[in-house]
2 protein chains.
Amino acid sequence: MRMSRYFLPVLRETPAEAQIASHRLMLRSGMIQQASAGIYSWMPLGRRVLGKLETIIHEEQAAAGHIPILMPTLQPAALWQESGRYDDYGQEMLRITDRQGRHLLYGPTNEELVTDIFRGHVKSYRNLPLTLYHIQWKFRDEIRPRFGIMRGREFLMKDGYNFDVDEASAVHAYNRHLVSYLRTYQRMGLKAIPMRADTGPIGGKLSHEFLVLADTGESELFFDSNILELGLGDSDIDYDSREACASVFDRWTQQYARTDETHDPDHFARHVPAVRQRRSRGIEVGQIFYFGTKYSEPMDACVNDASGQRVPVHMGSHGIGVSRLVGAIIEANHDDKGIVWPEPVAPFAVGVINLKPDNEEVSAVCEDLCVRLEAQGLEPLYDDTDDRAGSKFTTMDLIGLPWRLTVGPRSLAAGELELTCRRDGRTFNCAPEEAIGRLTDIYGVK
Amino acid sequence: MRMSRYFLPVLRETPAEAQIASHRLMLRSGMIQQASAGIYSWMPLGRRVLGKLETIIHEEQAAAGHIPILMPTLQPAALWQESGRYDDYGQEMLRITDRQGRHLLYGPTNEELVTDIFRGHVKSYRNLPLTLYHIQWKFRDEIRPRFGIMRGREFLMKDGYNFDVDEASAVHAYNRHLVSYLRTYQRMGLKAIPMRADTGPIGGKLSHEFLVLADTGESELFFDSNILELGLGDSDIDYDSREACASVFDRWTQQYARTDETHDPDHFARHVPAVRQRRSRGIEVGQIFYFGTKYSEPMDACVNDASGQRVPVHMGSHGIGVSRLVGAIIEANHDDKGIVWPEPVAPFAVGVINLKPDNEEVSAVCEDLCVRLEAQGLEPLYDDTDDRAGSKFTTMDLIGLPWRLTVGPRSLAAGELELTCRRDGRTFNCAPEEAIGRLTDIYGVK
């Protein structure tokens, strides 16, 4: 993409209203613009990051055998009256009356709607297990929206729902989701820690939140430092294996890790050696629930089990805050010059800076470079504008593409260009061919 | 995808409420389910088709140099008060009051919001031309939602907005969109005809609708049959060339083609030879507008032109009804057995039917076939269930995958399987290798 034809509305000043780094940097790098309190438009750069996150989520959901659907944003109030949550949900639910006087709401979550879909079609345990999910906009009418998209009102969420014939199978679905979420965050370049959580308005008895360590996090965290050493390995897991999923679940949850909401100071002091006690702040980026028959019973979502008996299905739900993740990734990956995207979620793989756009040879090399990068599946953002060099570097640092290629007449005379790493500033002088080779290796494309 | 793990809630009976083919077939093939009047959930199969359409639209928008953003579904009323449309829009606009008493609305279109984004950042003609678009859910509170997703209330739309320094440049944007839309519909396997249209609540002086011929269309069409002969050619167009775009515009719009709303019976009778006069019905699948400074003036969206003078930008807007297109494609592509997807928008490239899932050899061949198809980028839907053969064929015909591979012990004994075309029933007996080769050719993958 040529910068001269792109829409990258960067700001030179720091917006006064932004209190945290991600909000500040998303405004400054032209990723978002507020439409009204807690409601944002995603500018081209921001939208690209959202798209990368969605792709990773879809791929990991597919690997776990979960099936994508797409439910609408507006839901009928009647379904929430069936489950009993219409009155319980309080003022965070945006209630709407249409021109016919029918009561609708902007979905804050979808347990009722997906249960309604399920009960209309599935009648036998033979069609289970089944996990349906979607990535769709949600609305929660926060009393004090703040921190940009981190605590917005209209937000993008992946929410999934499992339907199982009994508790053992539903617990496997729970464990499978824990594994799949850990892998999803890992692919985004994040270390997310699962922590025992309260269930809140979703309900049920078992829940874990996933927290990313960041000084600006809204939650206080208490954990055993052993958990920081845990990995997932590179090899694929057999998601159908109850044992394999349970073993990952056990490894990750046997270490003490709690938020301030569930923290047990006595237990922490007694059972975690002082040298391993960690206290930190974190950002919640997902949560999983097992709530049994809380919705299937009142909504009569039943199947015939193997013995022919009609039983309510066991359900759980699972959410990843997609738009919020963009903020969390920035909180965990920035410096005083701007954002530092991890490669897998970067809006463009590499920035190409033309130091002399009026020099034909330099421009020809830059354009050839872009064509070859694109052919490798490495999307470049090509700064072909006539801004001065300093301003180009400042913008590239601000928007945080992981790698930068700088092409100017002096280095080109020696047949070279500069390849620079955004994270640590390392610079390699090399031929264009070698630079493309390095980037191809880094991004793991063939 | 294995059918035994998929969620394909087909209906054997024809739903009573569905009056037109696409609504009936989308319900029967398990593509959609109503959530409330005019609001639908997209089941896995339907969601896949939506995804294919979105991909084609994004690719064609990128080719034309348009930049994707993502605006929210909810908009502040204040912006619509600025343009003067808040009171004009009437009851089709879903008006919402949040917990703080602020007035919001569920966007039926986005001229105001995108103009607000533009005016906050762009100050010079040097940053023009600029076309921003998004694909996002919209809401129009239809008094009588009907025909399934064809006249729904919550619907998916691609809407784009061009910003240009003067009328000549904006007319080029208009022509460019006409070309790009024609190519988009062509890639979806549709013949869409641009027809002079009224501008309605969007406003302005120039507008064309795109109509697909279908007996069930809501509009009556009058046109010169010459227009059916027009093609776009396979070669790329230079979207930057005003002449190239204007020439396509001229060729397609010089023939008489009007809907009942703009039809001029005298002109039609006098200037179109009787033998070329066609009268038909059609479905609107898109519309483009040029409305000059209708929004930029009241909203003060100005740039400095080349002479340094501050002038309001010239704008147009352009919409493709993405969810409605799914219905339009089905109306134009079905028979009495079900849907007949054009290859480019089919939810899966090919259906694989295992006639004997309990036969190890047959199953091994099917599974190998699926792996090899996937490796070619041809997604198969594999019916591995133990339903009887007749039921499997009925379902495949209903959901309308363009090609079917049937594997059974008898043909396999001769080293063959059956490749069947859904549209005309042609069947080829051939080795698996040859079947894959044919499909690879048909879908144009390498």
# chains A, B, ... in the order shown; residues from 1 in each chain; ligands from 1
$ interface_residues --of "chain B" --to "chain A" --cutoff "8 Å" --atoms "only C-alpha atoms" --output "PyMOL selection string"
chain B and resi 4-7+9+33+35-36+39-44+47+65+67-72+74-76+91-92+94+96-100+113+117+121+127+130+141+143+154
$ residues_around --residues "Asp397 (chain A)" --least-positions-apart "2" --cutoff "10 Å" --atoms "only C-alpha atoms" --output "list in words"
Ser29, His334, Asp335, Asp336, Lys337, Gly338, Ile339, Val340, Gly351, Ser391, Lys392, Phe393, Thr394, Thr395, Ile399, Gly400, Leu401, Pro402, Trp403, Arg404, Arg422 and Arg423 of chain A
$ write_last_selection --atoms "N, CA, C and O atoms" --output "PDB file, in the first residue's frame"
ATOM      1  N   SER A  29      -1.734   7.192  16.306  1.00  0.00           N
ATOM      2  CA  SER A  29      -1.353   6.475  15.083  1.00  0.00           C
ATOM      3  C   SER A  29      -2.518   6.366  14.106  1.00  0.00           C
ATOM      4  O   SER A  29      -2.423   5.651  13.103  1.00  0.00           O
ATOM      5  N   HIS A 334       4.852  -1.533  23.639  1.00  0.00           N
ATOM      6  CA  HIS A 334       5.088  -0.166  23.161  1.00  0.00           C
ATOM      7  C   HIS A 334       6.317   0.405  23.865  1.00  0.00           C
ATOM      8  O   HIS A 334       6.789  -0.145  24.858  1.00  0.00           O
ATOM      9  N   ASP A 335       6.850   1.489  23.323  1.00  0.00           N
ATOM     10  CA  ASP A 335       7.923   2.215  23.999  1.00  0.00           C
ATOM     11  C   ASP A 335       7.634   3.700  23.846  1.00  0.00           C
ATOM     12  O   ASP A 335       6.528   4.072  23.440  1.00  0.00           O
ATOM     13  N   ASP A 336       8.604   4.547  24.173  1.00  0.00           N
ATOM     14  CA  ASP A 336       8.260   5.976  24.167  1.00  0.00           C
ATOM     15  C   ASP A 336       8.121   6.557  22.755  1.00  0.00           C
ATOM     16  O   ASP A 336       7.642   7.672  22.585  1.00  0.00           O
ATOM     17  N   LYS A 337       8.490   5.782  21.736  1.00  0.00           N
ATOM     18  CA  LYS A 337       8.304   6.264  20.366  1.00  0.00           C
ATOM     19  C   LYS A 337       6.978   5.836  19.751  1.00  0.00           C
ATOM     20  O   LYS A 337       6.544   6.402  18.750  1.00  0.00           O
ATOM     21  N   GLY A 338       6.385   4.812  20.325  1.00  0.00           N
ATOM     22  CA  GLY A 338       5.114   4.358  19.757  1.00  0.00           C
ATOM     23  C   GLY A 338       4.858   2.889  20.006  1.00  0.00           C
ATOM     24  O   GLY A 338       5.406   2.290  20.940  1.00  0.00           O
ATOM     25  N   ILE A 339       4.040   2.334  19.129  1.00  0.00           N
ATOM     26  CA  ILE A 339       3.649   0.926  19.231  1.00  0.00           C
ATOM     27  C   ILE A 339       4.785   0.052  18.710  1.00  0.00           C
ATOM     28  O   ILE A 339       5.574   0.477  17.865  1.00  0.00           O
ATOM     29  N   VAL A 340       4.879  -1.181  19.235  1.00  0.00           N
ATOM     30  CA  VAL A 340       5.835  -2.167  18.713  1.00  0.00           C
ATOM     31  C   VAL A 340       5.050  -3.455  18.477  1.00  0.00           C
ATOM     32  O   VAL A 340       4.953  -4.300  19.367  1.00  0.00           O
ATOM     33  N   GLY A 351       7.504  -1.710   6.792  1.00  0.00           N
ATOM     34  CA  GLY A 351       7.404  -0.374   6.220  1.00  0.00           C
ATOM     35  C   GLY A 351       8.564  -0.153   5.265  1.00  0.00           C
ATOM     36  O   GLY A 351       9.698  -0.519   5.573  1.00  0.00           O
ATOM     37  N   SER A 391      10.440  12.966   9.562  1.00  0.00           N
ATOM     38  CA  SER A 391       9.016  12.788   9.780  1.00  0.00           C
ATOM     39  C   SER A 391       8.570  11.378   9.395  1.00  0.00           C
ATOM     40  O   SER A 391       7.737  10.763  10.066  1.00  0.00           O
ATOM     41  N   LYS A 392       9.179  10.853   8.326  1.00  0.00           N
ATOM     42  CA  LYS A 392       8.833   9.480   7.925  1.00  0.00           C
ATOM     43  C   LYS A 392       9.224   8.462   8.990  1.00  0.00           C
ATOM     44  O   LYS A 392       8.471   7.546   9.296  1.00  0.00           O
ATOM     45  N   PHE A 393      10.435   8.654   9.558  1.00  0.00           N
ATOM     46  CA  PHE A 393      10.878   7.720  10.602  1.00  0.00           C
ATOM     47  C   PHE A 393       9.975   7.814  11.829  1.00  0.00           C
ATOM     48  O   PHE A 393       9.626   6.808  12.450  1.00  0.00           O
ATOM     49  N   THR A 394       9.627   9.062  12.193  1.00  0.00           N
ATOM     50  CA  THR A 394       8.768   9.256  13.367  1.00  0.00           C
ATOM     51  C   THR A 394       7.428   8.547  13.190  1.00  0.00           C
ATOM     52  O   THR A 394       6.932   7.873  14.103  1.00  0.00           O
ATOM     53  N   THR A 395       6.851   8.680  11.990  1.00  0.00           N
ATOM     54  CA  THR A 395       5.559   8.029  11.743  1.00  0.00           C
ATOM     55  C   THR A 395       5.693   6.513  11.774  1.00  0.00           C
ATOM     56  O   THR A 395       4.878   5.821  12.389  1.00  0.00           O
ATOM     57  N   ILE A 399       3.603   4.078  14.369  1.00  0.00           N
ATOM     58  CA  ILE A 399       2.631   3.041  13.996  1.00  0.00           C
ATOM     59  C   ILE A 399       3.187   1.642  14.224  1.00  0.00           C
ATOM     60  O   ILE A 399       2.440   0.666  14.178  1.00  0.00           O
ATOM     61  N   GLY A 400       4.497   1.527  14.444  1.00  0.00           N
ATOM     62  CA  GLY A 400       5.052   0.321  15.042  1.00  0.00           C
ATOM     63  C   GLY A 400       5.173  -0.920  14.187  1.00  0.00           C
ATOM     64  O   GLY A 400       5.167  -2.032  14.724  1.00  0.00           O
ATOM     65  N   LEU A 401       5.298  -0.768  12.851  1.00  0.00           N
ATOM     66  CA  LEU A 401       5.520  -1.974  12.047  1.00  0.00           C
ATOM     67  C   LEU A 401       6.814  -2.628  12.512  1.00  0.00           C
ATOM     68  O   LEU A 401       7.796  -1.944  12.797  1.00  0.00           O
ATOM     69  N   PRO A 402       6.831  -3.960  12.613  1.00  0.00           N
ATOM     70  CA  PRO A 402       7.975  -4.639  13.243  1.00  0.00           C
ATOM     71  C   PRO A 402       9.290  -4.432  12.503  1.00  0.00           C
ATOM     72  O   PRO A 402      10.350  -4.477  13.115  1.00  0.00           O
ATOM     73  N   TRP A 403       9.234  -4.204  11.181  1.00  0.00           N
ATOM     74  CA  TRP A 403      10.449  -4.067  10.382  1.00  0.00           C
ATOM     75  C   TRP A 403      10.319  -2.896   9.428  1.00  0.00           C
ATOM     76  O   TRP A 403       9.222  -2.571   8.973  1.00  0.00           O
ATOM     77  N   ARG A 404      11.466  -2.298   9.154  1.00  0.00           N
ATOM     78  CA  ARG A 404      11.483  -1.146   8.257  1.00  0.00           C
ATOM     79  C   ARG A 404      12.594  -1.337   7.238  1.00  0.00           C
ATOM     80  O   ARG A 404      13.716  -1.736   7.596  1.00  0.00           O
ATOM     81  N   ARG A 422      12.097  -2.774  14.611  1.00  0.00           N
ATOM     82  CA  ARG A 422      11.454  -1.745  15.428  1.00  0.00           C
ATOM     83  C   ARG A 422      11.684  -1.968  16.921  1.00  0.00           C
ATOM     84  O   ARG A 422      11.863  -1.033  17.683  1.00  0.00           O
ATOM     85  N   ARG A 423      11.717  -3.267  17.334  1.00  0.00           N
ATOM     86  CA  ARG A 423      11.741  -3.562  18.767  1.00  0.00           C
ATOM     87  C   ARG A 423      13.072  -3.175  19.398  1.00  0.00           C
ATOM     88  O   ARG A 423      13.109  -2.574  20.462  1.00  0.00           O
TER      89      ARG A 423
END
$ residues_around --residues "Pro201 (chain A)" --least-positions-apart "4" --cutoff "9 Å" --atoms "only C-alpha atoms" --output "ChimeraX atom specification"
/A:85,88-89
$ write_last_selection --atoms "C-alpha atoms" --output "PDB file, in the first residue's frame"
ATOM      1  CA  ARG A  85     -32.184 -12.402  32.607  1.00  0.00           C
ATOM      2  CA  ASP A  88     -31.615  -9.105  36.055  1.00  0.00           C
ATOM      3  CA  TYR A  89     -29.240  -7.558  33.554  1.00  0.00           C
TER       4      TYR A  89
END
$ residues_around --residues "region 385-388 of chain B" --least-positions-apart "5" --cutoff "10 Å" --atoms "only C-alpha atoms" --output "PyMOL selection string"
chain B and resi 2-5+353-358+393
$ select_by_dssp --residues "region 25-181 of chain A" --states "strand (DSSP E)" --output "PyMOL selection string"
chain A and resi 32-36+39-42+67-68+74-76+94-97+103-106+130-139+154-164
$ write_last_selection --atoms "C-alpha atoms" --output "short mmCIF file (atom, residue, chain, number, x, y, z; two decimals), in the first residue's frame"
data_model
loop_
_atom_site.label_atom_id
_atom_site.label_comp_id
_atom_site.auth_asym_id
_atom_site.auth_seq_id
_atom_site.Cartn_x
_atom_site.Cartn_y
_atom_site.Cartn_z
CA ILE A 32 -9.45 4.80 15.81
CA GLN A 33 -11.67 7.83 16.09
CA GLN A 34 -14.42 8.34 18.64
CA ALA A 35 -17.95 8.51 17.20
CA SER A 36 -19.56 9.08 20.58
CA ILE A 39 -18.19 4.09 20.44
CA TYR A 40 -15.34 4.15 17.91
CA SER A 41 -14.74 4.10 14.20
CA TRP A 42 -11.80 1.94 13.15
CA ILE A 67 -18.32 -24.06 14.01
CA PRO A 68 -18.72 -20.38 13.02
CA LEU A 74 -30.31 -7.02 17.97
CA GLN A 75 -32.22 -9.64 19.91
CA PRO A 76 -35.85 -9.96 20.95
CA LEU A 94 -29.28 -1.28 25.87
CA ARG A 95 -33.04 -1.68 25.54
CA ILE A 96 -34.72 -0.60 22.32
CA THR A 97 -38.31 -0.22 21.18
CA HIS A 103 -39.01 -4.74 22.67
CA LEU A 104 -35.52 -5.47 21.39
CA LEU A 105 -32.06 -5.19 22.92
CA TYR A 106 -28.55 -4.80 21.58
CA LEU A 130 -21.49 -29.11 19.25
CA THR A 131 -19.80 -25.75 19.76
CA LEU A 132 -21.10 -22.74 17.84
CA TYR A 133 -19.39 -19.37 17.93
CA HIS A 134 -19.38 -16.03 16.18
CA ILE A 135 -17.41 -12.80 16.08
CA GLN A 136 -19.89 -9.98 16.25
CA TRP A 137 -20.38 -6.48 17.66
CA LYS A 138 -21.87 -6.30 21.15
CA PHE A 139 -23.06 -3.41 23.26
CA GLU A 154 -19.80 -1.05 21.30
CA PHE A 155 -17.13 -3.72 21.10
CA LEU A 156 -16.17 -6.71 18.99
CA MET A 157 -16.28 -10.05 20.73
CA LYS A 158 -15.80 -13.67 19.83
CA ASP A 159 -18.35 -15.62 21.83
CA GLY A 160 -18.83 -19.35 21.66
CA TYR A 161 -21.29 -21.80 23.19
CA ASN A 162 -20.87 -25.52 23.73
CA PHE A 163 -23.72 -28.04 23.89
CA ASP A 164 -22.99 -31.39 25.48
#
$ atom_distance --atom1 "CA of Ala246 (chain B)" --atom2 "CA of Leu190 (chain B)"
22.2 Å
$ select_by_dssp --residues "region 120-179 of chain A" --states "helix (DSSP H, G or I)" --output "list in words"
Gly120, His121, Tyr125, Arg126, Asn127, Gly148, Ile149, Met150, Glu167, Ala168, Ser169, Ala170, Val171, His172, Ala173, Tyr174, Asn175, Arg176, His177, Leu178 and Val179 of chain A
$ atom_distance --atom1 "CA of Glu331 (chain B)" --atom2 "CA of Ala346 (chain B)"
14.4 Å
$ residues_around --residues "Ala192 (chain A)" --least-positions-apart "6" --cutoff "6 Å" --atoms "only C-alpha atoms" --output "VMD selection string"
chain A and resid 210 to 212
$ write_last_selection --atoms "all heavy atoms" --output "mmCIF file, in the first residue's frame"
data_model
loop_
_atom_site.group_PDB
_atom_site.id
_atom_site.type_symbol
_atom_site.label_atom_id
_atom_site.label_comp_id
_atom_site.auth_asym_id
_atom_site.auth_seq_id
_atom_site.Cartn_x
_atom_site.Cartn_y
_atom_site.Cartn_z
ATOM 1 N N PHE A 210 -8.788 -14.844 31.445
ATOM 2 C CA PHE A 210 -7.431 -14.835 30.902
ATOM 3 C C PHE A 210 -6.906 -13.419 31.035
ATOM 4 O O PHE A 210 -7.533 -12.470 30.556
ATOM 5 C CB PHE A 210 -7.438 -15.281 29.443
ATOM 6 C CG PHE A 210 -7.849 -16.718 29.284
ATOM 7 C CD1 PHE A 210 -9.189 -17.072 29.317
ATOM 8 C CD2 PHE A 210 -6.896 -17.716 29.150
ATOM 9 C CE1 PHE A 210 -9.584 -18.400 29.198
ATOM 10 C CE2 PHE A 210 -7.281 -19.045 29.032
ATOM 11 C CZ PHE A 210 -8.622 -19.388 29.057
ATOM 12 N N LEU A 211 -5.761 -13.292 31.697
ATOM 13 C CA LEU A 211 -5.211 -11.959 31.958
ATOM 14 C C LEU A 211 -3.832 -11.791 31.355
ATOM 15 O O LEU A 211 -2.980 -12.681 31.465
ATOM 16 C CB LEU A 211 -5.189 -11.694 33.456
ATOM 17 C CG LEU A 211 -6.622 -11.408 33.936
ATOM 18 C CD1 LEU A 211 -7.093 -12.442 34.900
ATOM 19 C CD2 LEU A 211 -6.746 -10.001 34.463
ATOM 20 N N VAL A 212 -3.641 -10.635 30.734
ATOM 21 C CA VAL A 212 -2.350 -10.274 30.182
ATOM 22 C C VAL A 212 -1.692 -9.314 31.166
ATOM 23 O O VAL A 212 -2.334 -8.363 31.625
ATOM 24 C CB VAL A 212 -2.534 -9.569 28.822
ATOM 25 C CG1 VAL A 212 -1.233 -8.953 28.337
ATOM 26 C CG2 VAL A 212 -3.078 -10.550 27.797
#
$ closest_residue --among "B:Glu218, B:Asp250, B:Glu343, B:Asp166" --to "Val313 (chain B)" --atoms "only C-alpha atoms"
B:Asp166
$ residues_around --residues "region 287-300 of chain B" --least-positions-apart "4" --cutoff "8 Å" --atoms "only C-alpha atoms" --output "ChimeraX atom specification"
/B:82-83,111-112,115-116,119,167,170-171,174,177-178,199,202-210,312-320
$ write_last_selection --atoms "C-alpha atoms" --output "mmCIF file, in the first residue's frame"
data_model
loop_
_atom_site.group_PDB
_atom_site.id
_atom_site.type_symbol
_atom_site.label_atom_id
_atom_site.label_comp_id
_atom_site.auth_asym_id
_atom_site.auth_seq_id
_atom_site.Cartn_x
_atom_site.Cartn_y
_atom_site.Cartn_z
ATOM 1 C CA GLU B 82 -26.093 18.769 11.656
ATOM 2 C CA SER B 83 -26.941 17.461 8.199
ATOM 3 C CA GLU B 111 -22.841 9.806 5.091
ATOM 4 C CA GLU B 112 -22.737 11.906 8.270
ATOM 5 C CA THR B 115 -17.994 13.101 6.717
ATOM 6 C CA ASP B 116 -17.225 13.694 10.379
ATOM 7 C CA ARG B 119 -13.373 16.740 8.202
ATOM 8 C CA GLU B 167 -17.233 17.858 -9.713
ATOM 9 C CA ALA B 170 -16.278 13.233 -8.267
ATOM 10 C CA VAL B 171 -17.879 12.186 -11.554
ATOM 11 C CA TYR B 174 -18.936 7.812 -9.794
ATOM 12 C CA HIS B 177 -17.723 2.814 -8.893
ATOM 13 C CA LEU B 178 -20.059 1.860 -11.715
ATOM 14 C CA THR B 199 -31.986 9.569 -5.260
ATOM 15 C CA ILE B 202 -29.589 10.106 0.192
ATOM 16 C CA GLY B 203 -30.091 13.103 -2.114
ATOM 17 C CA GLY B 204 -28.138 14.465 -5.060
ATOM 18 C CA LYS B 205 -28.638 14.610 -8.775
ATOM 19 C CA LEU B 206 -27.076 11.480 -10.220
ATOM 20 C CA SER B 207 -27.851 7.912 -9.240
ATOM 21 C CA HIS B 208 -27.927 4.426 -10.739
ATOM 22 C CA GLU B 209 -29.320 1.260 -9.233
ATOM 23 C CA PHE B 210 -28.001 -2.189 -10.154
ATOM 24 C CA PRO B 312 -16.470 22.056 0.357
ATOM 25 C CA VAL B 313 -15.591 18.582 -0.943
ATOM 26 C CA HIS B 314 -17.679 16.850 -3.588
ATOM 27 C CA MET B 315 -19.005 13.549 -2.404
ATOM 28 C CA GLY B 316 -20.874 10.493 -3.524
ATOM 29 C CA SER B 317 -21.906 7.274 -1.839
ATOM 30 C CA HIS B 318 -22.223 3.730 -3.060
ATOM 31 C CA GLY B 319 -23.868 0.676 -1.574
ATOM 32 C CA ILE B 320 -23.967 -3.049 -2.174
#
$ atom_distance --atom1 "CA of Ala168 (chain A)" --atom2 "CA of Ile57 (chain A)"
25.6 Å
$ residues_around --residues "Phe428 (chain A)" --least-positions-apart "5" --cutoff "12 Å" --atoms "only C-alpha atoms" --output "JSON list (two decimals) with C-alpha atoms, in the first residue's frame"
[["chain", "number", "residue", "atom", "x", "y", "z"],
["A", 403, "TRP", "CA", 10.45, -4.07, 10.38],
["A", 404, "ARG", "CA", 11.48, -1.15, 8.26],
["A", 405, "LEU", "CA", 13.32, -1.06, 4.94],
["A", 406, "THR", "CA", 15.01, 2.25, 4.22],
["A", 411, "SER", "CA", 23.37, 3.08, 0.46],
["A", 416, "GLU", "CA", 22.36, -1.96, -0.26],
["A", 417, "LEU", "CA", 19.43, -0.84, 1.80],
["A", 418, "GLU", "CA", 18.77, -0.82, 5.54],
["A", 419, "LEU", "CA", 16.64, -3.37, 7.33],
["A", 420, "THR", "CA", 15.74, -2.14, 10.83],
["A", 421, "CYS", "CA", 14.02, -3.95, 13.68],
["A", 434, "GLU", "CA", 18.81, -10.61, 1.32],
["A", 435, "ALA", "CA", 16.37, -8.31, 3.08],
["A", 438, "ARG", "CA", 15.32, -12.36, 6.07],
["A", 439, "LEU", "CA", 11.74, -11.09, 6.22]]
